[in-house]
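Asks: mmCIF, C-alpha atoms and all ligand atoms, file final25.cif:
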```cif
data_structure
loop_
_atom_site.label_atom_id
_atom_site.label_comp_id
_atom_site.auth_asym_id
_atom_site.auth_seq_id
_atom_site.Cartn_x
_atom_site.Cartn_y
_atom_site.Cartn_z
CA MET G 835 2.85 -18.42 -9.56
CA SER G 836 1.81 -14.92 -8.62
CA VAL G 837 4.03 -12.29 -7.01
CA PRO G 838 3.05 -11.29 -3.45
CA VAL G 839 1.24 -7.96 -3.19
CA VAL G 840 1.47 -6.02 0.08
CA ALA G 841 -0.96 -3.14 0.64
CA PHE G 842 -0.35 -0.37 3.18
CA PHE G 843 -3.78 0.58 4.35
CA ASN G 844 -5.63 2.74 6.84
CA SER G 845 -8.82 4.66 6.16
CA LYS G 846 -7.22 7.59 8.01
CA SER G 847 -4.88 9.92 6.13
CA GLY G 848 -1.63 11.38 7.44
CA VAL G 849 -0.54 8.20 9.25
CA GLY G 850 2.54 7.84 7.03
CA LYS G 851 1.38 5.26 4.45
CA THR G 852 2.93 6.94 1.43
CA SER G 853 6.16 7.75 3.22
CA LEU G 854 6.47 4.14 4.38
CA VAL G 855 5.88 2.64 0.94
CA TYR G 856 8.42 5.08 -0.48
CA HIS G 857 11.15 4.29 2.06
CA LEU G 858 10.48 0.56 2.13
CA ALA G 859 10.61 0.34 -1.67
CA TRP G 860 14.10 1.91 -1.64
CA MET G 861 15.23 -0.34 1.18
CA PHE G 862 13.85 -3.53 -0.42
CA SER G 863 15.84 -2.72 -3.53
CA ARG G 864 19.01 -2.20 -1.45
CA LEU G 865 18.40 -5.61 0.11
CA GLN G 866 18.41 -7.05 -3.44
CA LYS G 867 14.66 -7.63 -3.44
CA LYS G 868 13.42 -6.50 -6.81
CA VAL G 869 10.34 -4.43 -6.06
CA VAL G 870 7.52 -2.66 -7.87
CA ALA G 871 6.03 0.26 -5.91
CA ALA G 872 2.48 0.75 -7.19
CA ASP G 873 0.66 4.01 -6.60
CA ILE G 874 -3.06 3.18 -6.54
CA ASP G 875 -4.12 6.39 -4.81
CA PRO G 876 -5.68 8.97 -7.17
CA GLN G 877 -3.86 11.61 -5.12
CA ALA G 878 -0.63 10.18 -6.57
CA ASN G 879 1.53 11.31 -3.64
CA LEU G 880 3.85 8.34 -4.01
CA THR G 881 4.42 9.21 -7.66
CA ALA G 882 5.18 12.81 -6.66
CA ALA G 883 7.74 11.51 -4.15
CA PHE G 884 9.62 9.63 -6.89
CA LEU G 885 9.21 11.84 -9.96
CA THR G 886 9.45 15.52 -10.86
CA GLU G 887 6.32 17.38 -11.90
CA GLU G 888 7.67 17.61 -15.43
CA ALA G 889 8.06 13.85 -15.62
CA ILE G 890 4.56 13.29 -14.20
CA ASP G 891 3.04 15.79 -16.64
CA LYS G 892 4.64 13.88 -19.50
CA ILE G 893 3.47 10.41 -18.51
CA TRP G 894 -0.06 11.57 -17.68
CA ASN G 895 -0.39 13.09 -21.12
CA GLU G 896 1.13 10.27 -23.14
CA PRO G 897 -1.16 7.27 -23.57
CA GLY G 898 -0.31 3.58 -23.40
CA GLY G 899 0.22 1.99 -20.01
CA ASN G 900 2.23 4.76 -18.34
CA THR G 901 0.05 4.86 -15.24
CA ILE G 902 -2.15 2.48 -13.27
CA TYR G 903 -5.23 4.14 -14.75
CA GLN G 904 -3.95 3.85 -18.31
CA CYS G 905 -3.46 0.14 -17.59
CA VAL G 906 -6.96 -0.60 -16.26
CA LYS G 907 -9.05 1.77 -18.37
CA PRO G 908 -8.97 -0.32 -21.60
CA LEU G 909 -10.93 -3.07 -19.77
CA THR G 910 -13.94 -0.77 -19.57
CA GLU G 911 -13.80 -0.31 -23.35
CA ALA G 912 -13.48 -3.98 -24.35
CA GLY G 913 -9.67 -3.74 -24.58
CA ASP G 914 -6.90 -5.52 -22.70
CA ILE G 915 -4.48 -4.40 -20.02
CA PRO G 916 -1.36 -3.13 -21.80
CA GLU G 917 2.07 -4.05 -20.45
CA PRO G 918 2.63 -1.37 -17.75
CA LYS G 919 5.46 1.01 -18.64
CA LEU G 920 7.29 1.14 -15.34
CA GLN G 921 9.53 3.98 -14.23
CA ASP G 922 13.01 2.67 -13.63
CA ILE G 923 14.02 4.37 -10.36
CA GLU G 924 17.21 2.45 -9.61
CA GLU G 925 18.46 -1.10 -9.98
CA ASN G 926 15.78 -3.37 -8.43
CA LEU G 927 13.26 -0.53 -7.96
CA TYR G 928 10.39 0.27 -10.31
CA LEU G 929 7.40 2.56 -9.98
CA LEU G 930 3.98 1.89 -11.44
CA PRO G 931 2.84 5.54 -11.43
CA GLY G 932 -0.42 6.79 -10.01
CA ASP G 933 -2.85 8.96 -11.88
CA ALA G 934 -5.31 11.66 -10.80
CA ALA G 935 -7.68 10.31 -13.47
CA LEU G 936 -7.98 7.03 -11.52
CA SER G 937 -10.80 8.54 -9.44
CA SER G 938 -13.12 8.09 -12.43
CA PHE G 939 -12.63 4.30 -12.10
CA GLU G 940 -14.43 4.34 -8.73
CA ASP G 941 -17.93 4.36 -10.26
CA GLN G 942 -17.04 1.66 -12.72
CA LEU G 943 -15.84 -0.61 -9.92
CA SER G 944 -19.02 0.04 -7.91
CA ASN G 945 -21.20 -0.73 -10.89
CA GLU G 946 -19.47 -4.02 -11.70
CA TRP G 947 -19.59 -5.34 -8.11
CA PRO G 948 -23.20 -6.68 -8.10
CA GLY G 949 -22.81 -8.15 -11.62
CA SER G 950 -19.99 -10.38 -10.40
CA MET G 951 -22.60 -12.39 -8.43
CA ASN G 952 -24.90 -12.96 -11.42
CA THR G 953 -25.36 -16.44 -12.82
CA ALA G 954 -23.96 -15.48 -16.24
CA ASN G 955 -21.73 -12.89 -17.89
CA LEU G 956 -19.25 -12.92 -15.03
CA TYR G 957 -16.15 -12.52 -17.15
CA ARG G 958 -16.34 -8.77 -17.68
CA PRO G 959 -17.17 -7.76 -14.08
CA LEU G 960 -14.53 -10.05 -12.60
CA ARG G 961 -11.89 -8.82 -15.02
CA ILE G 962 -12.62 -5.22 -14.10
CA LEU G 963 -12.78 -5.92 -10.35
CA SER G 964 -9.44 -7.74 -10.46
CA ALA G 965 -7.80 -5.22 -12.83
CA PHE G 966 -5.33 -3.87 -10.25
CA TRP G 967 -4.13 -7.37 -9.46
CA GLN G 968 -3.80 -8.22 -13.15
CA ALA G 969 -1.84 -5.01 -13.81
CA ALA G 970 0.41 -5.57 -10.77
CA GLN G 971 1.16 -9.15 -11.85
CA ILE G 972 1.97 -8.18 -15.44
CA ALA G 973 4.17 -5.34 -14.15
CA ALA G 974 6.04 -7.62 -11.73
CA ALA G 975 6.49 -10.37 -14.31
CA GLY G 976 7.87 -7.88 -16.85
CA VAL G 977 10.80 -6.99 -14.59
CA GLN G 978 10.95 -10.26 -12.59
CA ALA G 979 10.08 -8.44 -9.39
CA GLU G 980 9.68 -10.50 -6.24
CA ILE G 981 7.25 -8.23 -4.45
CA VAL G 982 4.76 -5.43 -5.12
CA LEU G 983 4.21 -2.73 -2.48
CA VAL G 984 1.00 -0.75 -2.91
CA ASP G 985 0.14 2.69 -1.61
CA ILE G 986 -3.57 3.51 -1.42
CA GLY G 987 -5.84 6.39 -0.47
CA PRO G 988 -7.51 6.85 2.91
CA ASN G 989 -11.06 5.56 2.44
CA LEU G 990 -13.23 2.44 2.29
CA GLY G 991 -14.42 2.99 -1.29
CA ALA G 992 -14.62 0.73 -4.33
CA ILE G 993 -11.06 1.46 -5.55
CA ASN G 994 -9.63 0.41 -2.22
CA ARG G 995 -11.85 -2.67 -2.09
CA SER G 996 -10.32 -3.76 -5.42
CA VAL G 997 -6.81 -2.98 -4.21
CA LEU G 998 -7.37 -5.04 -1.07
CA ILE G 999 -8.78 -7.91 -3.14
CA ALA G 1000 -5.46 -7.74 -5.01
CA ALA G 1001 -3.46 -7.88 -1.77
CA ASP G 1002 -2.00 -11.02 -0.26
CA TYR G 1003 -0.86 -9.10 2.82
CA VAL G 1004 -1.91 -5.91 4.57
CA VAL G 1005 0.24 -3.67 6.74
CA ILE G 1006 -1.68 -1.09 8.76
CA PRO G 1007 0.07 2.17 9.63
CA VAL G 1008 -1.56 3.86 12.64
CA GLY G 1009 -1.05 7.04 14.58
CA ALA G 1010 -1.60 7.35 18.33
CA ASP G 1011 -4.67 9.58 18.27
CA LEU G 1012 -8.42 9.26 18.44
CA PHE G 1013 -9.03 9.53 14.69
CA SER G 1014 -6.43 6.96 13.82
CA LEU G 1015 -7.92 4.49 16.32
CA GLN G 1016 -11.34 5.07 14.81
CA GLY G 1017 -9.84 4.37 11.37
CA LEU G 1018 -8.50 1.09 12.74
CA LYS G 1019 -11.92 0.18 14.17
CA ASN G 1020 -13.63 0.78 10.81
CA LEU G 1021 -11.01 -0.96 8.76
CA GLY G 1022 -11.10 -4.37 10.50
CA PRO G 1023 -14.74 -5.15 9.63
CA ALA G 1024 -14.25 -3.77 6.09
CA LEU G 1025 -11.35 -6.17 5.48
CA LYS G 1026 -13.37 -9.10 6.83
CA ASP G 1027 -16.38 -8.22 4.63
CA TRP G 1028 -14.33 -7.71 1.48
CA LYS G 1029 -12.55 -11.00 1.99
CA ALA G 1030 -15.81 -12.92 2.48
CA LEU G 1031 -17.57 -11.20 -0.43
CA TRP G 1032 -14.65 -11.85 -2.78
CA SER G 1033 -14.54 -15.46 -1.69
CA LYS G 1034 -18.24 -15.80 -2.69
CA ARG G 1035 -17.38 -14.33 -6.08
CA LEU G 1036 -14.57 -16.83 -6.55
CA GLU G 1037 -17.02 -19.65 -5.78
CA ASN G 1038 -19.52 -18.21 -8.20
CA TRP G 1039 -16.82 -18.09 -10.88
CA ARG G 1040 -15.60 -21.61 -10.13
CA ASP G 1041 -18.99 -23.12 -10.93
CA SER G 1042 -19.83 -20.90 -13.89
CA LYS G 1043 -20.02 -21.54 -17.60
CA ASP G 1044 -18.00 -18.34 -18.15
CA ARG G 1045 -15.03 -19.97 -16.54
CA LYS G 1046 -15.06 -22.78 -19.12
CA ASP G 1047 -15.18 -20.17 -21.87
CA HIS G 1048 -12.31 -18.17 -20.33
CA PRO G 1049 -9.91 -20.61 -18.71
CA GLU G 1050 -7.12 -18.05 -19.19
CA LEU G 1051 -8.56 -15.65 -16.61
CA LEU G 1052 -6.64 -15.94 -13.35
CA LEU G 1053 -8.06 -14.19 -10.28
CA PRO G 1054 -6.49 -13.07 -7.01
CA GLY G 1055 -7.21 -15.10 -3.88
CA GLY G 1056 -8.24 -12.02 -1.89
CA THR G 1057 -6.27 -13.24 1.14
CA MET G 1058 -5.52 -9.72 2.48
CA ARG G 1059 -3.84 -11.19 5.54
CA PRO G 1060 -3.00 -8.54 8.14
CA ILE G 1061 0.64 -9.00 9.12
CA GLY G 1062 0.69 -6.25 11.73
CA TYR G 1063 0.63 -2.52 12.28
CA LEU G 1064 3.20 0.25 12.31
CA CYS G 1065 2.78 2.86 15.01
CA ARG G 1066 3.83 6.47 14.42
CA GLN G 1067 5.72 7.99 17.31
CA TYR G 1068 4.46 11.24 18.78
CA GLY G 1069 5.83 14.58 17.71
CA VAL G 1070 3.68 14.92 14.61
CA ARG G 1071 1.46 17.40 16.35
CA PRO G 1072 2.35 19.50 19.34
CA GLY G 1073 0.75 17.98 22.40
CA PRO G 1074 1.57 16.36 25.67
CA VAL G 1075 3.42 13.08 25.61
CA ARG G 1076 0.82 11.65 28.00
CA ALA G 1077 -1.92 12.02 25.36
CA TYR G 1078 0.22 10.01 22.96
CA ASP G 1079 0.78 7.32 25.58
CA LYS G 1080 -2.93 7.04 26.32
CA TRP G 1081 -3.88 6.44 22.69
CA ALA G 1082 -0.82 4.32 21.93
CA ARG G 1083 -1.69 1.87 24.72
CA ARG G 1084 -5.13 1.36 23.19
CA ILE G 1085 -3.81 0.40 19.75
CA PRO G 1086 -2.86 -3.23 20.59
CA GLY G 1087 -6.35 -4.05 21.92
CA VAL G 1088 -8.20 -2.28 19.12
CA TYR G 1089 -6.05 -4.05 16.51
CA ARG G 1090 -6.66 -7.45 18.10
CA GLU G 1091 -10.40 -6.92 18.34
CA ALA G 1092 -11.19 -5.03 15.11
CA VAL G 1093 -8.65 -6.57 12.75
CA LEU G 1094 -7.95 -10.06 14.12
CA GLY G 1095 -11.35 -10.69 15.75
CA GLU G 1096 -9.67 -11.69 19.03
CA THR G 1097 -10.37 -10.52 22.58
CA PRO G 1098 -8.66 -7.17 23.15
CA GLY G 1099 -6.78 -8.14 26.33
CA GLU G 1100 -5.07 -5.70 28.68
CA ASP G 1101 -3.68 -2.38 27.49
CA ILE G 1102 0.02 -2.74 26.65
CA GLU G 1103 2.62 -0.59 24.92
CA PRO G 1104 2.82 -1.12 21.15
CA GLU G 1105 6.55 -1.84 21.67
CA ASP G 1106 5.57 -4.96 23.66
CA ASP G 1107 2.93 -6.14 21.19
CA PRO G 1108 3.89 -8.89 18.71
CA ASN G 1109 1.35 -7.43 16.24
CA CYS G 1110 3.29 -4.17 16.18
CA ILE G 1111 5.82 -4.63 13.38
CA SER G 1112 7.64 -1.50 14.44
CA VAL G 1113 7.28 1.91 16.03
CA ILE G 1114 8.16 4.50 13.38
CA LYS G 1115 10.31 7.37 14.61
CA HIS G 1116 9.50 10.94 13.82
CA TYR G 1117 12.34 12.09 11.59
CA ARG G 1118 11.44 15.77 11.97
CA SER G 1119 13.13 18.19 9.58
CA LEU G 1120 14.94 15.35 7.77
CA VAL G 1121 11.66 14.47 6.08
CA PRO G 1122 11.16 17.77 4.21
CA ILE G 1123 14.90 17.83 3.34
CA ALA G 1124 14.62 14.33 1.88
CA GLN G 1125 11.45 15.26 -0.01
CA GLU G 1126 13.17 18.27 -1.52
CA HIS G 1127 16.05 16.11 -2.74
CA ARG G 1128 13.65 13.37 -3.83
CA LYS G 1129 15.53 10.74 -1.85
CA PRO G 1130 14.83 8.50 1.12
CA VAL G 1131 15.83 9.97 4.49
CA PHE G 1132 18.58 7.38 4.86
CA ASP G 1133 20.32 8.52 1.65
CA LEU G 1134 20.81 12.14 2.74
CA THR G 1135 24.41 13.34 2.72
CA PRO G 1136 26.20 16.31 4.30
CA ALA G 1137 25.94 18.02 0.88
CA ASP G 1138 22.12 17.79 1.19
CA GLY G 1139 22.32 19.46 4.60
CA ALA G 1140 22.43 16.36 6.80
CA ILE G 1141 25.22 17.46 9.14
CA GLY G 1142 25.79 17.18 12.88
CA SER G 1143 22.89 15.51 14.69
CA HIS G 1144 21.12 15.13 11.32
CA ALA G 1145 23.93 12.87 10.13
CA ASN G 1146 23.40 10.60 13.15
CA ALA G 1147 19.65 10.54 12.48
CA VAL G 1148 20.31 9.56 8.84
CA PHE G 1149 22.49 6.70 10.03
CA SER G 1150 19.90 5.46 12.51
CA ALA G 1151 17.08 5.80 9.91
CA LYS G 1152 19.02 3.46 7.65
CA GLY G 1153 19.21 0.87 10.44
CA ASP G 1154 15.52 1.34 11.31
CA PHE G 1155 14.31 0.84 7.74
CA GLU G 1156 16.59 -2.08 7.13
CA LYS G 1157 15.29 -3.81 10.26
CA LEU G 1158 11.69 -3.03 9.32
CA SER G 1159 12.14 -4.31 5.76
CA ARG G 1160 13.68 -7.54 7.01
CA GLU G 1161 10.81 -8.01 9.46
CA ILE G 1162 8.20 -7.53 6.71
CA ILE G 1163 10.10 -9.93 4.45
CA LYS G 1164 10.08 -12.44 7.30
CA ARG G 1165 6.37 -11.98 8.04
CA ILE G 1166 5.40 -12.64 4.44
CA GLY G 1167 7.74 -15.61 4.18
CA LEU G 1168 10.08 -14.31 1.44
CA ASP G 1169 13.72 -15.37 1.50
CA ILE G 1170 16.38 -12.76 1.96
N1 LIG G 1201 8.47 9.08 10.13
C1 LIG G 1201 8.14 10.34 9.81
N2 LIG G 1201 8.72 11.39 10.39
C2 LIG G 1201 8.37 12.66 10.09
N3 LIG G 1201 7.41 13.00 9.22
C3 LIG G 1201 6.77 12.00 8.57
C4 LIG G 1201 7.08 10.63 8.82
N4 LIG G 1201 6.27 9.86 8.03
C5 LIG G 1201 5.50 10.72 7.34
N5 LIG G 1201 5.79 12.01 7.65
C6 LIG G 1201 5.12 13.21 7.12
O1 LIG G 1201 3.75 13.17 7.56
C7 LIG G 1201 2.87 13.58 6.52
C8 LIG G 1201 1.87 12.49 6.20
O2 LIG G 1201 2.58 11.36 5.71
P1 LIG G 1201 2.08 10.51 4.49
O3 LIG G 1201 3.10 9.46 4.25
O4 LIG G 1201 1.71 11.38 3.33
O5 LIG G 1201 0.75 9.87 5.11
P2 LIG G 1201 -0.52 9.17 4.41
O6 LIG G 1201 -0.05 8.60 3.12
O7 LIG G 1201 -0.95 8.15 5.40
O8 LIG G 1201 -1.54 10.25 4.23
C9 LIG G 1201 3.75 13.95 5.33
O9 LIG G 1201 3.99 15.33 5.33
C10 LIG G 1201 5.04 13.19 5.60
O10 LIG G 1201 6.13 13.83 5.01
MG MG G 1202 -0.77 8.87 1.18
#
```
I'd like the structure from this file rewritten - as structure tokens, please.
Ligand SMILES: Nc1ncnc2c1ncn2[C@@H]1O[C@H](COP(=O)(O)OP(=O)(O)O)[C@@H](O)[C@H]1O
Ligand SMILES: [Mg+2]

Replies:
Amino acid sequence: MSVPVVAFFNSKSGVGKTSLVYHLAWMFSRLQKKVVAADIDPQANLTAAFLTEEAIDKIWNEPGGNTIYQCVKPLTEAGDIPEPKLQDIEENLYLLPGDAALSSFEDQLSNEWPGSMNTANLYRPLRILSAFWQAAQIAAAGVQAEIVLVDIGPNLGAINRSVLIAADYVVIPVGADLFSLQGLKNLGPALKDWKALWSKRLENWRDSKDRKDHPELLLPGGTMRPIGYLCRQYGVRPGPVRAYDKWARRIPGVYREAVLGETPGEDIEPEDDPNCISVIKHYRSLVPIAQEHRKPVFDLTPADGAIGSHANAVFSAKGDFEKLSREIIKRIGLDI
């Protein structure tokens, strides 16, 4: 049985993907859900949120399964995926660190894609294309995690295609602005294509001689089921509230049409849309304070500077993230 993998994806940057994976990973662990947070973005922002620069410098320069790239690279050199060396963040919370060197895997993944539809020699391409899933599963099994949350970069490239193939579920963070809506429009068809193309590859594998020679190779189903979107509240950029409202009311229809392939329907508020998992508040200056202390917003204390109205915001952030985590757990059918 494989462990469910949830990817947080939007081809637009700055919509809060990394911040969400970071906070949700902490909250899942508090809810006694053992979780692996996997940083599969070569920008490694999630890793930088968890670890000091000194710690990152060390793991990047020591070989042997310390980062996602160190785990998948041996496959390109006829080796095997080593057991990922996870960073133990707290009880129930582990990080599979990202790596700036991962960007060099992009070409490799592009090159192997056509070969996975050949009539023979499918083993190598399929192993490389499913490498993130293999690494995530070995990592989760090693610590008996129940769920893997994955942070990814903002594009529709070959790395992200392989991450999405590894994902059972997809959560889509969006902002209420033109560029974010465009990201949503582009992402729906990409998900549909990737799912269909992976499914063809699974069929090709099923009927191949290579499969008989390598019965040990398990592959991800490529389900990538969208379980909803998370809408960022305004306040990120200065601007009139009305502009936010205008774009926000278009999100439900664009999501339905581009991601679910349904008719868009009337404009409604994201708050009233069942596909909106939650509206994410803007936590203002608490966010940089939390980043500085390398903690989630909801763990800030008066000693960190969270006093007065900040203390109330910390309290409400804890409630918000707990509710959101429980909703995601419910949508993917895990027990609490
Ligand atoms: N809920 C929030 N409230 C305030 N600032 C936020 C919030 N979520 C993210 N940010 C800030 O917005 C910026 C972009 O967020 P990030 O998580 O890096 O987005 P992405 O991964 O989609 O590029 C970061 O500076 C982050 O600290
Ligand atoms: Mg990010």

Asks: May I have the residues within 8 Å of G:Leu983 as a PyMOL selection string, using only C-alpha atoms and disregarding those fewer than 2 positions away in the same chain?

Replies: chain G and resi 839-842+855+859+869-872+981+985

Asks: Separation of atom CA of G:Gly1009 and atom CA of G:Arg1084, in Å?

Replies: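 Between atom CA of G:Gly1009 and atom CA of G:Arg1084 the gap is 11.1 Å.
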
Asks: If you count all atoms listed in the file, which residues fall within 12 Å of G:Ser836, apart from same-chain ones fewer than 3 positions away, as an NGL selection string?

Replies: :G and (839 or 967-975 or 978-982 or 1000-1002 or 1052-1055)

Asks: Report the distance between atom CA of G:Leu1134 and atom CA of G:Tyr1063 in Å, rounded to one decimal place.

Replies: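 If I compute the distance from atom CA of G:Leu1134 to atom CA of G:Tyr1063, I get 26.7 Å.
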
Asks: Using all atoms listed in the file, which residues have at least one atom no more than 10 Å from ligand MG 1202 (chain G)? Output them as a list of chain:residue names.

Replies: G:Phe842, G:Phe843, G:Asn844, G:Lys846, G:Ser847, G:Gly848, G:Val849, G:Gly850, G:Lys851, G:Thr852, G:Ser853, G:Leu854, G:Val855, G:Asp873, G:Ile874, G:Asp875, G:Pro876, G:Gln877, G:Ala878, G:Asn879, G:Leu880, G:Asp985, G:Ile986, G:Gly987, G:Pro988

Asks: Using only C-alpha atoms for the distances, tell me which of G:Leu927, G:Ile999, G:Val1148, G:Ala1092 is nearest to G:Ser1119.

Replies: G:Val1148

Asks: Centre and edge lengths of an axis-aligned box around all listed atoms of ligand LIG 1201 (chain G), with 3 Å added on each side, are to be given in Å to one decimal, as AutoDock Vina command-line options.

Replies:
```
--center_x 3.6 --center_y 11.7 --center_z 6.8 --size_x 16.3 --size_y 13.2 --size_z 13.3
```

Asks: Might you pull out every residue within 12 Å of G:Gly949, with all atoms listed in the file counted and same-chain residues fewer than 2 positions away left off, and present them as a list in words?

Replies: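 Here the qualifying residues turn out to be Gln942, Leu943, Ser944, Asn945, Glu946, Trp947, Met951, Asn952, Thr953, Ala954, Asn955, Leu956, Tyr957, Arg958, Pro959, Leu960, Arg961, Ile962, Leu963, Arg1035, Asn1038 and Trp1039 of chain G.
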
Asks: Pick out the closest residue to G:His857 from this set: G:Pro838, G:Asn895, G:Ala883, G:Pro931. Count only C-alpha atoms.

Replies: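 Ranked by minimum distance to G:His857, first place goes to G:Ala883.
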
Asks: Given the choices G:Val1008, G:Leu1015, G:Met835, G:Leu858, which gets closest to ligand LIG 1201 (chain G) if the distance is worked out from all atoms listed in the file?

Replies: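 Answer, going by the shortest atom-to-atom distance: G:Val1008.
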